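File shown: entry18.csv (CSV, C-alpha atoms).
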chain,number,residue,atom,x,y,z
U,141,MET,CA,0.0,0.0,0.0
U,142,SER,CA,2.8,2.4,0.8
U,143,ASP,CA,4.1,1.7,-2.7
U,144,ASP,CA,1.2,4.0,-3.9
U,145,GLN,CA,3.2,7.0,-2.7
U,146,VAL,CA,6.2,6.1,-4.8
U,147,PRO,CA,6.3,6.9,-8.5
U,148,GLN,CA,6.9,3.7,-10.4
U,149,PRO,CA,7.7,2.8,-13.9
U,150,ARG,CA,4.6,2.3,-16.1
U,151,GLY,CA,3.2,-1.1,-15.6
U,152,ALA,CA,5.3,-1.9,-12.6
U,153,GLU,CA,2.6,-1.4,-10.2
U,154,GLN,CA,0.9,-4.5,-8.9
U,155,GLY,CA,-2.1,-5.5,-10.9
U,156,ILE,CA,-1.7,-3.2,-13.9
U,157,SER,CA,-2.3,-5.1,-17.1
U,158,PRO,CA,-1.7,-4.1,-20.6
U,159,LEU,CA,-5.5,-3.7,-21.0
U,160,ARG,CA,-5.6,-1.1,-18.3
U,161,PRO,CA,-8.6,-2.6,-16.6
U,162,TYR,CA,-8.1,-0.3,-13.7
U,163,LEU,CA,-9.5,2.5,-15.6
U,164,LEU,CA,-12.7,1.0,-14.4
U,165,THR,CA,-11.7,1.4,-10.8
U,166,ALA,CA,-10.8,5.1,-11.0
U,167,GLY,CA,-7.1,4.1,-11.2
U,168,ARG,CA,-6.9,2.1,-8.0
U,169,ALA,CA,-5.4,-1.4,-8.1
U,170,GLN,CA,-6.1,-2.2,-4.5
U,171,PRO,CA,-9.6,-2.8,-3.2
U,172,VAL,CA,-10.7,-0.7,-0.2
U,173,ASP,CA,-10.6,-4.0,1.5
U,174,GLY,CA,-7.5,-5.8,0.1
U,175,THR,CA,-8.4,-9.0,1.9
U,176,LEU,CA,-11.7,-9.7,0.0
U,177,GLU,CA,-11.6,-13.4,-0.8
U,178,ILE,CA,-12.4,-14.5,-4.3
U,179,GLU,CA,-15.0,-17.0,-3.0
U,180,ALA,CA,-16.7,-14.3,-0.8
U,181,GLN,CA,-20.5,-14.2,-1.5
U,182,VAL,CA,-22.0,-11.1,-2.9
U,183,LEU,CA,-25.7,-10.2,-2.7
U,184,THR,CA,-27.3,-6.9,-3.8
U,185,SER,CA,-28.9,-5.1,-0.9
U,186,ARG,CA,-32.2,-3.2,-1.0
U,187,LEU,CA,-30.2,0.0,-1.2
U,188,GLY,CA,-28.2,-1.3,-4.0
U,189,ALA,CA,-31.3,-2.3,-6.0
U,190,ALA,CA,-32.8,1.1,-5.3
U,191,SER,CA,-29.7,2.9,-6.4
U,192,HIS,CA,-29.3,0.8,-9.6
U,193,ALA,CA,-30.2,3.5,-12.0
U,194,ARG,CA,-27.6,5.9,-10.5
U,195,LEU,CA,-24.7,3.5,-10.8
U,196,THR,CA,-22.3,3.5,-13.7
U,197,PHE,CA,-21.6,0.6,-16.0
U,198,GLU,CA,-19.7,-2.1,-14.2
U,199,ARG,CA,-21.1,-1.2,-10.8
U,200,ARG,CA,-24.6,-1.3,-12.2
U,201,GLU,CA,-23.9,-4.7,-13.8
U,202,ILE,CA,-22.6,-6.1,-10.5
U,203,VAL,CA,-25.7,-4.9,-8.7
U,204,SER,CA,-27.9,-6.5,-11.3
U,205,LEU,CA,-26.0,-9.7,-11.4
U,206,CYS,CA,-25.9,-10.1,-7.6
U,207,ARG,CA,-29.7,-10.0,-7.1
U,208,GLU,CA,-28.9,-13.7,-6.8
U,209,THR,CA,-25.9,-14.5,-4.7
U,210,LYS,CA,-22.6,-14.8,-6.6
U,211,SER,CA,-19.0,-15.2,-5.6
U,212,VAL,CA,-16.5,-12.5,-6.4
U,213,ALA,CA,-15.0,-15.1,-8.8
U,214,GLU,CA,-18.3,-15.5,-10.6
U,215,VAL,CA,-18.8,-11.8,-10.8
U,216,ALA,CA,-15.4,-11.6,-12.5
U,217,ALA,CA,-16.1,-14.4,-14.9
U,218,MET,CA,-19.6,-13.5,-15.8
U,219,LEU,CA,-18.8,-9.8,-16.5
U,220,GLY,CA,-15.5,-10.5,-18.1
U,221,LEU,CA,-13.5,-8.6,-15.5
U,222,HIS,CA,-10.1,-9.5,-14.1
U,223,ILE,CA,-10.4,-10.9,-10.6
U,224,GLY,CA,-8.5,-7.9,-9.2
U,225,VAL,CA,-10.9,-5.5,-10.8
U,226,ALA,CA,-13.9,-7.4,-9.6
U,227,ARG,CA,-12.5,-7.3,-6.0
U,228,VAL,CA,-12.0,-3.6,-6.2
U,229,LEU,CA,-15.5,-2.9,-7.5
U,230,VAL,CA,-17.3,-5.4,-5.1
U,231,ALA,CA,-15.4,-4.0,-2.1
U,232,ASP,CA,-16.4,-0.5,-3.1
U,233,LEU,CA,-20.0,-1.5,-3.5
U,234,ALA,CA,-19.9,-3.2,-0.1
U,235,ALA,CA,-18.4,-0.2,1.6
U,236,LEU,CA,-21.3,1.9,0.1
U,237,GLY,CA,-23.9,-0.6,1.3
U,238,TYR,CA,-25.0,-1.6,-2.2
U,239,VAL,CA,-24.1,-5.2,-1.7
U,240,VAL,CA,-23.9,-7.5,1.3
U,241,LEU,CA,-20.9,-9.8,1.6
U,242,ARG,CA,-20.7,-13.2,3.2
U,243,ARG,CA,-17.1,-14.1,3.8
U,244,PRO,CA,-15.5,-17.3,4.8
U,245,ALA,CA,-15.3,-17.6,8.5
U,246,GLY,CA,-11.6,-18.2,8.8
U,247,ALA,CA,-9.6,-21.3,9.7
U,248,PHE,CA,-11.8,-24.1,8.2
U,249,THR,CA,-8.9,-26.5,8.2
U,250,GLN,CA,-9.4,-26.6,12.0
U,251,ASP,CA,-13.2,-26.6,12.0
U,252,LEU,CA,-14.2,-30.2,12.4
U,253,GLY,CA,-17.9,-29.4,12.3
U,254,MET,CA,-17.6,-27.6,9.0
U,255,ILE,CA,-15.4,-30.3,7.5
U,256,GLU,CA,-17.9,-33.0,8.5
U,257,ARG,CA,-20.7,-30.9,7.0
U,258,VAL,CA,-19.0,-30.7,3.7
U,259,ILE,CA,-18.2,-34.4,3.8
U,260,ARG,CA,-21.9,-35.1,4.3
U,261,GLY,CA,-22.8,-32.8,1.5
U,262,LEU,CA,-20.5,-34.5,-0.9
U,263,GLU,CA,-21.6,-38.0,0.2
U,264,ALA,CA,-25.1,-37.0,-0.9
U,265,ILE,CA,-23.9,-36.7,-4.5
U,266,ARG,CA,-24.9,-39.8,-6.4
P,130,MET,CA,-39.5,-6.7,-7.5
P,131,ASP,CA,-40.4,-8.8,-4.6
P,132,SER,CA,-38.7,-8.2,-1.4
P,133,LYS,CA,-37.0,-11.6,-1.4
P,134,GLN,CA,-34.8,-10.6,-4.3
P,135,PHE,CA,-33.5,-7.4,-2.6
P,136,ALA,CA,-33.3,-8.7,0.9
P,137,GLU,CA,-31.6,-6.8,3.6
P,138,PRO,CA,-28.6,-8.5,5.1
P,139,ALA,CA,-30.5,-9.6,8.1
P,140,SER,CA,-33.3,-11.4,6.3
P,141,VAL,CA,-31.5,-13.6,3.8
P,142,LYS,CA,-28.0,-14.6,4.3
P,143,PRO,CA,-25.8,-15.6,1.4
P,144,PRO,CA,-24.2,-19.1,2.0
P,145,THR,CA,-20.9,-19.5,3.7
P,146,PRO,CA,-18.3,-20.2,1.1
P,147,VAL,CA,-15.7,-22.9,1.5
P,148,LYS,CA,-13.2,-24.0,-1.0
P,149,ILE,CA,-10.9,-26.8,-2.2
P,150,VAL,CA,-7.9,-26.0,-4.4
P,151,ILE,CA,-7.3,-28.2,-7.4
P,152,ALA,CA,-3.7,-27.9,-8.5
P,153,GLY,CA,-1.4,-29.5,-10.9
P,154,GLY,CA,0.6,-28.9,-14.0
P,155,PHE,CA,-0.8,-27.8,-17.4
P,156,GLY,CA,-3.1,-30.3,-19.0
P,157,VAL,CA,-3.4,-32.8,-16.1
P,158,GLY,CA,-7.1,-32.5,-16.0
P,159,LYS,CA,-7.9,-29.7,-13.5
P,160,THR,CA,-10.7,-28.2,-15.6
P,161,THR,CA,-12.1,-31.7,-16.4
P,162,THR,CA,-12.1,-32.5,-12.6
P,163,VAL,CA,-13.9,-29.3,-11.8
P,164,GLY,CA,-16.4,-29.8,-14.7
P,165,ALA,CA,-17.2,-33.3,-13.7
P,166,ILE,CA,-18.7,-32.4,-10.4
P,167,SER,CA,-19.5,-28.6,-10.5
P,168,GLU,CA,-23.2,-27.7,-10.7
P,169,ILE,CA,-22.4,-24.8,-12.8
P,170,LYS,CA,-20.5,-25.0,-16.1
P,171,PRO,CA,-16.9,-24.3,-15.0
P,172,LEU,CA,-16.2,-20.6,-15.4
P,173,THR,CA,-12.9,-19.1,-16.3
P,174,THR,CA,-11.7,-15.7,-15.2
P,175,GLU,CA,-8.4,-14.0,-15.6
P,176,ALA,CA,-6.3,-13.0,-12.7
P,177,ALA,CA,-3.5,-10.5,-13.0
P,178,MET,CA,-0.6,-12.0,-11.1
P,179,THR,CA,2.4,-10.2,-9.7
P,180,SER,CA,5.1,-12.7,-10.0
P,181,THR,CA,8.7,-12.8,-9.0
P,182,GLY,CA,11.0,-12.3,-11.9
P,183,ALA,CA,13.2,-15.4,-11.8
P,184,ALA,CA,14.0,-18.4,-9.7
P,185,VAL,CA,17.6,-17.2,-9.2
P,186,ASP,CA,16.5,-14.4,-7.0
P,187,GLY,CA,14.6,-16.8,-4.7
P,188,THR,CA,16.8,-16.0,-1.7
P,189,GLY,CA,14.1,-14.6,0.5
P,190,GLY,CA,14.6,-11.0,-0.6
P,191,ASN,CA,11.2,-9.3,-0.7
P,192,VAL,CA,11.9,-6.9,-3.6
P,193,PRO,CA,12.8,-9.1,-6.5
P,194,SER,CA,12.0,-7.8,-10.0
P,195,LYS,CA,8.2,-8.1,-10.4
P,196,THR,CA,6.3,-8.7,-13.5
P,197,THR,CA,2.6,-9.0,-14.0
P,198,THR,CA,1.2,-12.0,-15.7
P,199,THR,CA,-2.4,-12.9,-16.6
P,200,VAL,CA,-3.4,-16.5,-15.9
P,201,ALA,CA,-6.7,-18.2,-16.3
P,202,LEU,CA,-8.4,-19.5,-13.2
P,203,ASP,CA,-11.1,-22.1,-13.6
P,204,PHE,CA,-13.7,-22.7,-11.0
P,205,GLY,CA,-16.9,-24.4,-10.2
P,206,CYS,CA,-19.2,-24.9,-7.2
P,207,ILE,CA,-21.3,-27.4,-5.3
P,208,THR,CA,-24.1,-26.6,-3.0
P,209,ILE,CA,-23.4,-28.5,0.2
P,210,ASP,CA,-26.6,-27.5,2.0
P,211,GLU,CA,-28.7,-24.4,2.4
P,212,GLU,CA,-26.0,-22.5,4.2
P,213,VAL,CA,-22.7,-23.8,2.7
P,214,LYS,CA,-21.4,-23.7,-0.8
P,215,LEU,CA,-18.2,-25.4,-1.8
P,216,TYR,CA,-16.0,-23.8,-4.5
P,217,LEU,CA,-13.4,-25.6,-6.5
P,218,PHE,CA,-10.6,-23.5,-7.8
P,219,GLY,CA,-8.4,-25.0,-10.5
P,220,THR,CA,-5.1,-23.2,-10.6
P,221,PRO,CA,-2.0,-23.3,-12.8
P,222,GLY,CA,0.8,-25.2,-11.2
P,223,GLN,CA,3.8,-23.1,-12.1
P,224,ASP,CA,5.6,-21.7,-9.1
P,225,ARG,CA,5.9,-18.2,-10.6
P,226,PHE,CA,2.2,-17.9,-9.8
P,227,GLY,CA,2.8,-18.3,-6.2
P,228,PHE,CA,1.3,-14.9,-5.4
P,229,MET,CA,-2.1,-16.1,-6.5
P,230,TRP,CA,-1.7,-19.3,-4.5
P,231,HIS,CA,-1.6,-17.3,-1.4
P,232,ASP,CA,-5.1,-16.0,-2.1
P,233,LEU,CA,-6.3,-19.4,-3.1
P,234,VAL,CA,-4.9,-21.3,-0.2
P,235,LEU,CA,-6.0,-18.9,2.5
P,236,GLY,CA,-9.0,-20.5,4.3
P,237,ALA,CA,-9.1,-23.5,1.9
P,238,LEU,CA,-10.3,-26.8,3.3
P,239,GLY,CA,-7.5,-28.6,1.5
P,240,ALA,CA,-6.0,-29.3,-1.9
P,241,LEU,CA,-6.1,-32.0,-4.5
P,242,VAL,CA,-2.8,-32.1,-6.4
P,243,ILE,CA,-3.5,-33.8,-9.7
P,244,VAL,CA,-0.7,-35.8,-11.2
P,245,ASP,CA,-0.1,-37.2,-14.7
P,246,THR,CA,2.4,-40.0,-14.3
P,247,ARG,CA,3.9,-39.2,-17.7
P,248,ARG,CA,4.9,-35.8,-16.4
P,249,LEU,CA,5.4,-36.2,-12.7
P,250,ASP,CA,7.6,-33.1,-12.2
P,251,ASP,CA,4.8,-30.8,-13.3
P,252,CYS,CA,3.3,-31.1,-9.9
P,253,TYR,CA,6.4,-30.4,-7.8
P,254,PRO,CA,5.7,-26.7,-7.4
P,255,ALA,CA,2.2,-27.4,-6.0
P,256,VAL,CA,3.4,-30.1,-3.6
P,257,ASP,CA,6.2,-27.8,-2.4
P,258,TYR,CA,3.9,-24.9,-2.0
P,259,PHE,CA,1.2,-26.7,0.0
P,260,GLU,CA,3.8,-28.3,2.2
P,261,LYS,CA,5.3,-24.9,3.0
P,262,ALA,CA,1.8,-23.3,3.4
P,263,GLY,CA,0.7,-26.1,5.8
P,264,LEU,CA,-2.4,-26.8,3.7
P,265,PRO,CA,-3.4,-30.5,3.9
P,266,PHE,CA,-3.4,-32.0,0.5
P,267,VAL,CA,-3.9,-35.3,-1.3
P,268,VAL,CA,-2.1,-36.4,-4.4
P,269,GLY,CA,-4.6,-37.7,-7.0
P,270,VAL,CA,-3.2,-39.6,-10.0
P,271,ASN,CA,-5.5,-39.0,-12.9
P,272,VAL,CA,-6.0,-42.4,-14.5
P,273,PHE,CA,-7.0,-41.4,-18.0
P,274,ASP,CA,-7.4,-44.8,-19.5
P,275,GLY,CA,-8.3,-46.8,-16.5
P,276,SER,CA,-4.9,-48.2,-16.0
P,277,LEU,CA,-2.0,-47.0,-13.9
P,278,LYS,CA,1.4,-47.1,-15.6
P,279,HIS,CA,3.3,-47.0,-12.3
P,280,ASP,CA,2.9,-48.5,-8.9
P,281,LEU,CA,1.5,-45.9,-6.6
P,282,GLU,CA,4.4,-46.3,-4.2
P,283,ASP,CA,6.8,-45.6,-7.1
P,284,VAL,CA,4.9,-42.4,-7.6
P,285,ARG,CA,5.2,-41.5,-3.9
P,286,TRP,CA,8.9,-42.2,-4.1
P,287,ALA,CA,9.3,-40.1,-7.2
P,288,LEU,CA,7.4,-37.2,-5.7
P,289,ALA,CA,9.1,-37.5,-2.4
P,290,VAL,CA,5.9,-36.9,-0.5
P,291,SER,CA,5.8,-38.3,3.0
P,292,GLU,CA,3.9,-41.4,4.1
P,293,ASP,CA,1.1,-39.3,5.7
P,294,VAL,CA,0.2,-37.7,2.4
P,295,PRO,CA,-2.6,-39.8,0.9
P,296,LEU,CA,-2.0,-40.9,-2.6
P,297,ILE,CA,-5.1,-42.0,-4.6
P,298,THR,CA,-6.1,-42.7,-8.2
P,299,PHE,CA,-9.1,-41.2,-9.8
P,300,ASP,CA,-10.7,-40.5,-13.1
P,301,ALA,CA,-11.2,-36.8,-13.7
P,302,ARG,CA,-14.0,-37.5,-16.2
P,303,GLN,CA,-16.2,-39.4,-13.7
P,304,ARG,CA,-18.4,-37.5,-11.3
P,305,LEU,CA,-18.4,-40.1,-8.6
P,306,SER,CA,-14.6,-40.6,-8.9
P,307,VAL,CA,-14.0,-36.9,-8.5
P,308,ARG,CA,-16.4,-36.9,-5.5
P,309,ASP,CA,-14.4,-39.6,-3.9
P,310,ALA,CA,-11.2,-37.7,-4.6
P,311,LEU,CA,-12.6,-34.6,-2.9
P,312,LEU,CA,-13.8,-36.8,0.0
P,313,ALA,CA,-10.2,-38.1,0.4
P,314,VAL,CA,-9.1,-34.4,0.6
P,315,LEU,CA,-11.7,-33.7,3.3
P,316,HIS,CA,-11.0,-36.8,5.3
P,317,ASN,CA,-7.3,-36.0,5.3
P,318,THR,CA,-7.9,-32.5,6.5
P,319,PHE,CA,-10.3,-33.9,9.2
P,320,ARG,CA,-7.7,-36.4,10.4
P,321,ARG,CA,-5.1,-33.7,10.7
P,322,ALA,CA,-7.4,-31.3,12.5
P,323,SER,CA,-8.4,-34.1,14.9
P,324,ALA,CA,-4.8,-35.0,15.6
P,325,ALA,CA,-4.0,-31.4,16.2
P,326,SER,CA,-6.8,-30.7,18.6
Rewrite the structure of this file - the entire thing - as C-alpha cells.
Amino acid sequence: MSDDQVPQPRGAEQGISPLRPYLLTAGRAQPVDGTLEIEAQVLTSRLGAASHARLTFERREIVSLCRETKSVAEVAAMLGLHIGVARVLVADLAALGYVVLRRPAGAFTQDLGMIERVIRGLEAIR
Amino acid sequence: MDSKQFAEPASVKPPTPVKIVIAGGFGVGKTTTVGAISEIKPLTTEAAMTSTGAAVDGTGGNVPSKTTTTVALDFGCITIDEEVKLYLFGTPGQDRFGFMWHDLVLGALGALVIVDTRRLDDCYPAVDYFEKAGLPFVVGVNVFDGSLKHDLEDVRWALAVSEDVPLITFDARQRLSVRDALLAVLHNTFRRASAAS
C-alpha cells in the first residue's frame, strides 16, 4: 500500500495489465478491503437495488448480477473482468452498502464441524 | 421486484463459502475435474498476477523484480446445504504464480494435487507450496485410460511426499470418482485437524 506514494515505472505497479482494466476502478489497483476473498459471496442489498439507476456501467452490472448471490470469482467471470478489478468494485459497493458480503469464517482446516458438514454434502452426491 | 430478491442483510444470508484448491501442471485434468462435479459450467476468469522475476533471486529477498502476468483461473461450485457452498478452484501449477496461490490457499479446506504419471515433475511446485503453506493435500493420480502405468508407491517415491500424504487414483471425467477424490481431501484435513486438537 505504501508503494502507492512512490512513483513507479509504467506497468510496474501491482495488478496493472496491458489492457488497463483499472481505468474501471478510478485508477486504483487495490480494493478498499484488500483481503476480500475470491470466494466471498455477494448479494445486492435493497439500497443497491434502489440505487441501480444511478450507478455506472460495471457497478450497475454487478448490482444487477448479484440479485442472486454470486461469488467474487463468478462476478469476474460473468462480467469479463479481471479478478483484481472485480475485487475492487465489489469491495467499493460493499463499503457503500449496495451489496452485502458473506465471507469465509476463517480457519476451516481446524473446524471439524464444517469439514464434516462438507463431507456429508459430498456424500449425498450420487 | 419482490422483497426476497433485494433482501436486507438480516433477512436472507448468502451461504458461507468454503473451497478446495485443485492444483497440478498444465493439461493434467484440472478443468475436467472441476467440470465433472460442478453444478455450474466451469467458469474461467483472468487473474493478474504479480510474480517474482526469476528463480535465481529466490533468496528470500522481498523486492525481486516483479512482472505482472495474466493467468486463467477455472472454478466451479457445489451446494453443500442451504448455508454452505463449496467452491473448487483450479489453478495453474507453475511456481511463478505463487502470489495467486496465497489468495487461493487462505482459508481452503485442503487441496487436491492432480498428477499425470507421464509428467510427474509438473506437480512439484504445487506439492512444495502446500507443504510450506501447511495446507493439507492429497495427491490424485488421474488415470485417463483406467490403468495405472506406475505402482503408486513408485509415484510416492518419485514425488518425495511423506507417508502421511494420501495418494489416490481417480478418473477426472467421472463425477463419482471426483467426488471420492474430494472426500479423500476432506478426510485427510479432518484427520489432521483431529490430531492437532
Taken to one decimal, the atom CA of U:Gly237-atom CA of U:Met254 distance is 28.8 Å
Nearest to chain U, restricted to only C-alpha atoms and choosing among P:Val290, P:Val307, P:Leu238, P:Ile169, comes out as P:Leu238
Interatomic distance between atom CA of U:Arg199 and atom CA of U:Arg242?
18.4 Å
If we count all atoms listed in the file, which residues of chain U reach to within 8 Å of chain P? Please list them as a PyMOL selection string.
chain U and resi 152+154-157+177-186+189+207-209+213-214+216-218+220-224+240-252+255-263+265-266
One decimal place gives the atom CA of U:Cys206-atom CA of P:Thr161 separation as 27.1 Å
Tell me which protein, DNA and RNA residues are within 9 Å of U:Leu233, counting only C-alpha atoms, leaving out same-chain ones fewer than 3 positions away, and put them as a list in words.
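My list of contacting residues is Gly188, Arg199, Ile202, Val203, Val228, Leu229, Val230, Leu236, Gly237, Tyr238, Val239 and Val240 of chain U.
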Can I get the selected residues back with C-alpha atoms, as a PDB file, keeping the file's coordinate frame?
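Result file out-v6.pdb:
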ATOM      1  CA  GLY U 188     -28.200  -1.300  -4.000  1.00  0.00           C
ATOM      2  CA  ARG U 199     -21.100  -1.200 -10.800  1.00  0.00           C
ATOM      3  CA  ILE U 202     -22.600  -6.100 -10.500  1.00  0.00           C
ATOM      4  CA  VAL U 203     -25.700  -4.900  -8.700  1.00  0.00           C
ATOM      5  CA  VAL U 228     -12.000  -3.600  -6.200  1.00  0.00           C
ATOM      6  CA  LEU U 229     -15.500  -2.900  -7.500  1.00  0.00           C
ATOM      7  CA  VAL U 230     -17.300  -5.400  -5.100  1.00  0.00           C
ATOM      8  CA  LEU U 236     -21.300   1.900   0.100  1.00  0.00           C
ATOM      9  CA  GLY U 237     -23.900  -0.600   1.300  1.00  0.00           C
ATOM     10  CA  TYR U 238     -25.000  -1.600  -2.200  1.00  0.00           C
ATOM     11  CA  VAL U 239     -24.100  -5.200  -1.700  1.00  0.00           C
ATOM     12  CA  VAL U 240     -23.900  -7.500   1.300  1.00  0.00           C
TER      13      VAL U 240
END
Tell me, as a ChimeraX atom specification, which residues lie within 6 Å of P:Leu241, counting all atoms listed in the file; anything in the same chain fewer than 2 positions away does not count.
/P:151,266-268
Contacts of P:Leu281 at 9 Å (all atoms listed in the file; same-chain gap of 3+ positions) as a PDB file with C-alpha atoms, in the coordinates of the input:
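Heads up, here's the output in selection-v8.pdb:
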ATOM      1  CA  VAL P 270      -3.200 -39.600 -10.000  1.00  0.00           C
ATOM      2  CA  LEU P 277      -2.000 -47.000 -13.900  1.00  0.00           C
ATOM      3  CA  VAL P 284       4.900 -42.400  -7.600  1.00  0.00           C
ATOM      4  CA  ARG P 285       5.200 -41.500  -3.900  1.00  0.00           C
ATOM      5  CA  TRP P 286       8.900 -42.200  -4.100  1.00  0.00           C
ATOM      6  CA  LEU P 296      -2.000 -40.900  -2.600  1.00  0.00           C
ATOM      7  CA  ILE P 297      -5.100 -42.000  -4.600  1.00  0.00           C
ATOM      8  CA  THR P 298      -6.100 -42.700  -8.200  1.00  0.00           C
TER       9      THR P 298
END
Would you kindly return, as a VMD selection string, each protein, DNA or RNA residue with an atom no farther than 12 Å from any atom of P:Ile243, considering all atoms listed in the file and excluding same-chain residues fewer than 4 positions away?
chain P and resid 150 to 163 219 to 222 248 to 256 266 to 273 296 to 301 307 310 to 311 314
